[in-house]
Amino acid sequence: MSTTQSERLRELLEPLVSSQGLDLEEIAVDTVGRKRVLRVVVDSDTGADLDRIADVSRALSAKLDETDAMGSAEYTLEVGTPGAERALTEHRHYVRATGRLVRFQLAEGGDLVARILAADEDGLDLEVPGVKGRKATARRLAFDDIAGARVQVEFNRKDDASEKNNKKEEEA
């Protein structure tokens with residue numbers, strides 16, 4: 001997809017996505033065989049449930065039908081969220097990932113896996129998990145020191161809310 005088409009699609013669709021209380025994270029047009037697929041990724045600070053995704057999908061579909069932004073050839077519109085192992089590229093992504101485990105590629109080289117405790121304009125406060133029974137350590141990481149970052153899926157971490165509920169049940 002040309003930059004011009006991408007910019008045109010973003011200019012056309014971003015106001016509609018914003019009117020639904022969501023952020024337009026990504027737009028991609030892919031060719032699959034003879035078919036084209038327009039993938040739109042949306043998100044918000046509170047997440048995007050299926051009803052919000054359906055509402056924004058209908059609004060985008062109607063707007064695209066009114067214009068020639070996709071040309072005359074058939075295409076499929078897919079609207080979704082970034083997914084569990086999303087790449088963090090914007091400040092808002094880091095804020096939304098507070099409490100999550102993230103793998104950072106450091107600008108100086110090497111990787112760091114740590115939990116985001118807080119994000120401000122300059123960087124992140126992290127908790128680096130301890131290795132082999134050692135305590136976790138605190139670390140500050142400036143945004144300039146980050147070459148890339150991706151949220152990690154955790155299968156064995158208890159959610160704070162479920163942990164609190166378990167304690168309440170034990171007390172009762």
# chains A, B, ... in the order shown; residues from 1 in each chain; ligands from 1
$ residues_around --residues "A:Thr67" --least-positions-apart "6" --cutoff "12 Å" --atoms "only C-alpha atoms" --output "VMD selection string"
chain A and resid 8 to 9 12 to 13 60 to 61
$ residues_around --residues "stretch 29-34 of chain A" --least-positions-apart "5" --cutoff "10 Å" --atoms "only C-alpha atoms" --output "list in words"
Met1, Ser2, Gln5, Ser6, Arg39, Val40, Met70, Ala73, Glu74, Tyr75, Thr76 and Leu77 of chain A
$ write_last_selection --atoms "all heavy atoms" --output "tab-separated table (two decimals), in the first residue's frame"
chain	number	residue	atom	x	y	z
A	1	MET	N	0.85	-1.17	0.00
A	1	MET	CA	0.00	0.00	0.00
A	1	MET	C	0.89	1.23	0.00
A	1	MET	O	1.85	1.33	0.75
A	1	MET	CB	-0.89	-0.02	1.26
A	1	MET	CG	-1.76	1.18	1.39
A	1	MET	SD	-3.01	1.03	2.67
A	1	MET	CE	-2.02	1.15	4.12
A	2	SER	N	0.57	2.17	-0.86
A	2	SER	CA	1.39	3.37	-0.93
A	2	SER	C	1.17	4.24	0.29
A	2	SER	O	0.14	4.19	0.94
A	2	SER	CB	1.04	4.16	-2.21
A	2	SER	OG	-0.23	4.77	-2.05
A	5	GLN	N	-2.01	6.32	0.00
A	5	GLN	CA	-3.25	5.62	0.33
A	5	GLN	C	-3.35	5.42	1.84
A	5	GLN	O	-4.42	5.60	2.42
A	5	GLN	CB	-3.37	4.29	-0.39
A	5	GLN	CG	-4.72	3.63	-0.12
A	5	GLN	CD	-4.87	2.26	-0.74
A	5	GLN	OE1	-3.88	1.59	-1.02
A	5	GLN	NE2	-6.10	1.83	-0.95
A	6	SER	N	-2.25	5.06	2.46
A	6	SER	CA	-2.25	4.86	3.90
A	6	SER	C	-2.62	6.14	4.63
A	6	SER	O	-3.44	6.14	5.56
A	6	SER	CB	-0.87	4.37	4.35
A	6	SER	OG	-0.83	4.24	5.74
A	39	ARG	N	-7.06	-4.23	7.16
A	39	ARG	CA	-7.02	-4.53	8.60
A	39	ARG	C	-6.87	-3.22	9.36
A	39	ARG	O	-5.94	-2.45	9.09
A	39	ARG	CB	-5.87	-5.47	8.93
A	39	ARG	CG	-6.10	-6.87	8.40
A	39	ARG	CD	-5.04	-7.86	8.89
A	39	ARG	NE	-5.38	-9.19	8.45
A	39	ARG	CZ	-5.02	-9.72	7.29
A	39	ARG	NH1	-4.30	-9.02	6.46
A	39	ARG	NH2	-5.38	-10.94	6.97
A	40	VAL	N	-7.78	-2.99	10.30
A	40	VAL	CA	-7.77	-1.80	11.13
A	40	VAL	C	-7.64	-2.26	12.58
A	40	VAL	O	-8.44	-3.07	13.04
A	40	VAL	CB	-9.05	-0.97	10.92
A	40	VAL	CG1	-9.06	0.25	11.83
A	40	VAL	CG2	-9.21	-0.56	9.46
A	70	MET	N	-10.80	2.87	-1.15
A	70	MET	CA	-10.27	1.53	-1.42
A	70	MET	C	-10.34	1.16	-2.90
A	70	MET	O	-10.02	0.05	-3.27
A	70	MET	CB	-11.03	0.49	-0.59
A	70	MET	CG	-10.73	0.54	0.89
A	70	MET	SD	-9.00	0.20	1.28
A	70	MET	CE	-8.86	-1.51	0.80
A	73	ALA	N	-12.13	-2.28	-6.58
A	73	ALA	CA	-11.97	-3.72	-6.37
A	73	ALA	C	-12.52	-4.12	-5.00
A	73	ALA	O	-12.51	-3.34	-4.05
A	73	ALA	CB	-10.50	-4.10	-6.46
A	74	GLU	N	-13.02	-5.36	-4.93
A	74	GLU	CA	-13.57	-5.86	-3.67
A	74	GLU	C	-12.49	-5.98	-2.61
A	74	GLU	O	-11.32	-6.22	-2.93
A	74	GLU	CB	-14.21	-7.24	-3.89
A	74	GLU	CG	-15.54	-7.18	-4.58
A	74	GLU	CD	-16.22	-8.53	-4.60
A	74	GLU	OE1	-15.99	-9.34	-3.67
A	74	GLU	OE2	-16.97	-8.78	-5.54
A	75	TYR	N	-12.91	-5.83	-1.36
A	75	TYR	CA	-12.00	-5.99	-0.23
A	75	TYR	C	-12.82	-6.45	0.97
A	75	TYR	O	-14.03	-6.32	1.00
A	75	TYR	CB	-11.25	-4.70	0.09
A	75	TYR	CG	-12.16	-3.60	0.59
A	75	TYR	CD1	-12.35	-3.42	1.97
A	75	TYR	CD2	-12.83	-2.77	-0.28
A	75	TYR	CE1	-13.20	-2.43	2.44
A	75	TYR	CE2	-13.67	-1.78	0.18
A	75	TYR	CZ	-13.85	-1.62	1.54
A	75	TYR	OH	-14.69	-0.64	2.00
A	76	THR	N	-12.12	-6.97	1.96
A	76	THR	CA	-12.73	-7.36	3.23
A	76	THR	C	-12.19	-6.44	4.31
A	76	THR	O	-10.97	-6.20	4.37
A	76	THR	CB	-12.37	-8.82	3.58
A	76	THR	OG1	-12.84	-9.66	2.53
A	76	THR	CG2	-13.00	-9.25	4.89
A	77	LEU	N	-13.08	-5.93	5.15
A	77	LEU	CA	-12.68	-5.08	6.27
A	77	LEU	C	-12.60	-5.94	7.52
A	77	LEU	O	-13.54	-6.64	7.86
A	77	LEU	CB	-13.70	-3.96	6.47
A	77	LEU	CG	-13.53	-3.09	7.72
A	77	LEU	CD1	-12.22	-2.32	7.68
A	77	LEU	CD2	-14.72	-2.14	7.86
$ atom_distance --atom1 "atom CA of A:Gly109" --atom2 "atom CA of A:Glu85"
21.2 Å
$ residues_around --residues "stretch 41-44 of chain A" --least-positions-apart "4" --cutoff "9 Å" --atoms "only C-alpha atoms" --output "PDB file with N, CA, C and O atoms, in the first residue's frame"
ATOM      1  N   VAL A  17     -13.003   6.530  14.284  1.00  0.00           N
ATOM      2  CA  VAL A  17     -12.517   5.683  15.379  1.00  0.00           C
ATOM      3  C   VAL A  17     -12.500   6.503  16.669  1.00  0.00           C
ATOM      4  O   VAL A  17     -12.959   6.040  17.721  1.00  0.00           O
ATOM      5  N   GLY A  21     -14.483   6.651  20.837  1.00  0.00           N
ATOM      6  CA  GLY A  21     -13.695   6.586  22.061  1.00  0.00           C
ATOM      7  C   GLY A  21     -12.501   5.649  21.968  1.00  0.00           C
ATOM      8  O   GLY A  21     -12.001   5.168  22.975  1.00  0.00           O
ATOM      9  N   LEU A  22     -12.033   5.403  20.744  1.00  0.00           N
ATOM     10  CA  LEU A  22     -10.921   4.490  20.522  1.00  0.00           C
ATOM     11  C   LEU A  22      -9.778   5.196  19.812  1.00  0.00           C
ATOM     12  O   LEU A  22      -9.976   6.258  19.210  1.00  0.00           O
ATOM     13  N   ASP A  23      -8.595   4.607  19.869  1.00  0.00           N
ATOM     14  CA  ASP A  23      -7.430   5.096  19.142  1.00  0.00           C
ATOM     15  C   ASP A  23      -7.208   4.205  17.928  1.00  0.00           C
ATOM     16  O   ASP A  23      -7.292   2.976  18.030  1.00  0.00           O
ATOM     17  N   LEU A  24      -6.907   4.826  16.794  1.00  0.00           N
ATOM     18  CA  LEU A  24      -6.547   4.073  15.595  1.00  0.00           C
ATOM     19  C   LEU A  24      -5.062   3.735  15.701  1.00  0.00           C
ATOM     20  O   LEU A  24      -4.213   4.612  15.646  1.00  0.00           O
ATOM     21  N   GLU A  25      -4.760   2.478  15.902  1.00  0.00           N
ATOM     22  CA  GLU A  25      -3.382   2.044  16.115  1.00  0.00           C
ATOM     23  C   GLU A  25      -2.667   1.685  14.820  1.00  0.00           C
ATOM     24  O   GLU A  25      -1.483   1.944  14.676  1.00  0.00           O
ATOM     25  N   GLU A  26      -3.379   1.058  13.898  1.00  0.00           N
ATOM     26  CA  GLU A  26      -2.708   0.562  12.696  1.00  0.00           C
ATOM     27  C   GLU A  26      -3.710   0.370  11.577  1.00  0.00           C
ATOM     28  O   GLU A  26      -4.865   0.015  11.804  1.00  0.00           O
ATOM     29  N   ILE A  27      -3.236   0.604  10.358  1.00  0.00           N
ATOM     30  CA  ILE A  27      -4.007   0.318   9.152  1.00  0.00           C
ATOM     31  C   ILE A  27      -3.084  -0.451   8.212  1.00  0.00           C
ATOM     32  O   ILE A  27      -1.941  -0.054   8.015  1.00  0.00           O
ATOM     33  N   ALA A  28      -3.582  -1.541   7.649  1.00  0.00           N
ATOM     34  CA  ALA A  28      -2.786  -2.310   6.689  1.00  0.00           C
ATOM     35  C   ALA A  28      -3.706  -2.869   5.621  1.00  0.00           C
ATOM     36  O   ALA A  28      -4.791  -3.355   5.915  1.00  0.00           O
ATOM     37  N   ALA A  48     -11.103  -2.585  24.277  1.00  0.00           N
ATOM     38  CA  ALA A  48     -12.187  -2.519  23.302  1.00  0.00           C
ATOM     39  C   ALA A  48     -12.916  -3.857  23.305  1.00  0.00           C
ATOM     40  O   ALA A  48     -12.367  -4.860  22.873  1.00  0.00           O
ATOM     41  N   ILE A  53     -16.060  -2.904  19.085  1.00  0.00           N
ATOM     42  CA  ILE A  53     -15.435  -3.299  17.815  1.00  0.00           C
ATOM     43  C   ILE A  53     -16.502  -3.361  16.721  1.00  0.00           C
ATOM     44  O   ILE A  53     -16.292  -2.876  15.605  1.00  0.00           O
ATOM     45  N   GLU A  78     -11.449  -5.900   8.201  1.00  0.00           N
ATOM     46  CA  GLU A  78     -11.266  -6.590   9.477  1.00  0.00           C
ATOM     47  C   GLU A  78     -10.879  -5.552  10.521  1.00  0.00           C
ATOM     48  O   GLU A  78      -9.909  -4.817  10.336  1.00  0.00           O
ATOM     49  N   VAL A  79     -11.646  -5.481  11.607  1.00  0.00           N
ATOM     50  CA  VAL A  79     -11.355  -4.552  12.693  1.00  0.00           C
ATOM     51  C   VAL A  79     -11.071  -5.375  13.942  1.00  0.00           C
ATOM     52  O   VAL A  79     -11.832  -6.276  14.276  1.00  0.00           O
ATOM     53  N   GLY A  80      -9.966  -5.076  14.611  1.00  0.00           N
ATOM     54  CA  GLY A  80      -9.606  -5.828  15.801  1.00  0.00           C
ATOM     55  C   GLY A  80      -8.731  -5.014  16.741  1.00  0.00           C
ATOM     56  O   GLY A  80      -8.501  -3.830  16.526  1.00  0.00           O
ATOM     57  N   THR A  81      -8.245  -5.678  17.775  1.00  0.00           N
ATOM     58  CA  THR A  81      -7.374  -5.047  18.760  1.00  0.00           C
ATOM     59  C   THR A  81      -5.944  -5.553  18.557  1.00  0.00           C
ATOM     60  O   THR A  81      -5.740  -6.532  17.843  1.00  0.00           O
ATOM     61  N   PRO A  82      -4.961  -4.922  19.207  1.00  0.00           N
ATOM     62  CA  PRO A  82      -3.565  -5.270  18.957  1.00  0.00           C
ATOM     63  C   PRO A  82      -3.162  -6.692  19.347  1.00  0.00           C
ATOM     64  O   PRO A  82      -2.193  -7.209  18.822  1.00  0.00           O
ATOM     65  N   ARG A  96      -0.665   1.962  29.009  1.00  0.00           N
ATOM     66  CA  ARG A  96      -1.642   0.866  29.019  1.00  0.00           C
ATOM     67  C   ARG A  96      -1.033  -0.450  29.470  1.00  0.00           C
ATOM     68  O   ARG A  96      -1.742  -1.335  29.929  1.00  0.00           O
TER      69      ARG A  96
END
$ closest_residue --among "A:Gly110, A:Gly99, A:Gly83, A:Gly148" --to "A:Leu126" --atoms "only C-alpha atoms"
A:Gly99
$ select_by_dssp --residues "stretch 75-113 of chain A" --states "alpha helix (DSSP H)" --output "ChimeraX atom specification"
/A:91-96
$ residues_around --residues "A:Leu117" --least-positions-apart "3" --cutoff "12 Å" --atoms "only C-alpha atoms" --output "list in words"
Tyr94, Val95, Arg96, Ala97, Thr98, Gly99, Arg100, Leu101, Val102, Ala114, Asp120, Gly123, Leu124, Asp125, Leu126, Glu127, Val128, Thr137, Ala138, Arg139, Arg140 and Leu141 of chain A
$ closest_residue --among "A:Ala119, A:Ala136, A:Ala69, A:Ala59" --to "A:Gln20" --atoms "only C-alpha atoms"
A:Ala59
$ atom_distance --atom1 "atom CA of A:Leu106" --atom2 "atom CA of A:Ala147"
5.2 Å
$ atom_distance --atom1 "atom CA of A:Asp45" --atom2 "atom CA of A:Arg92"
8.0 Å
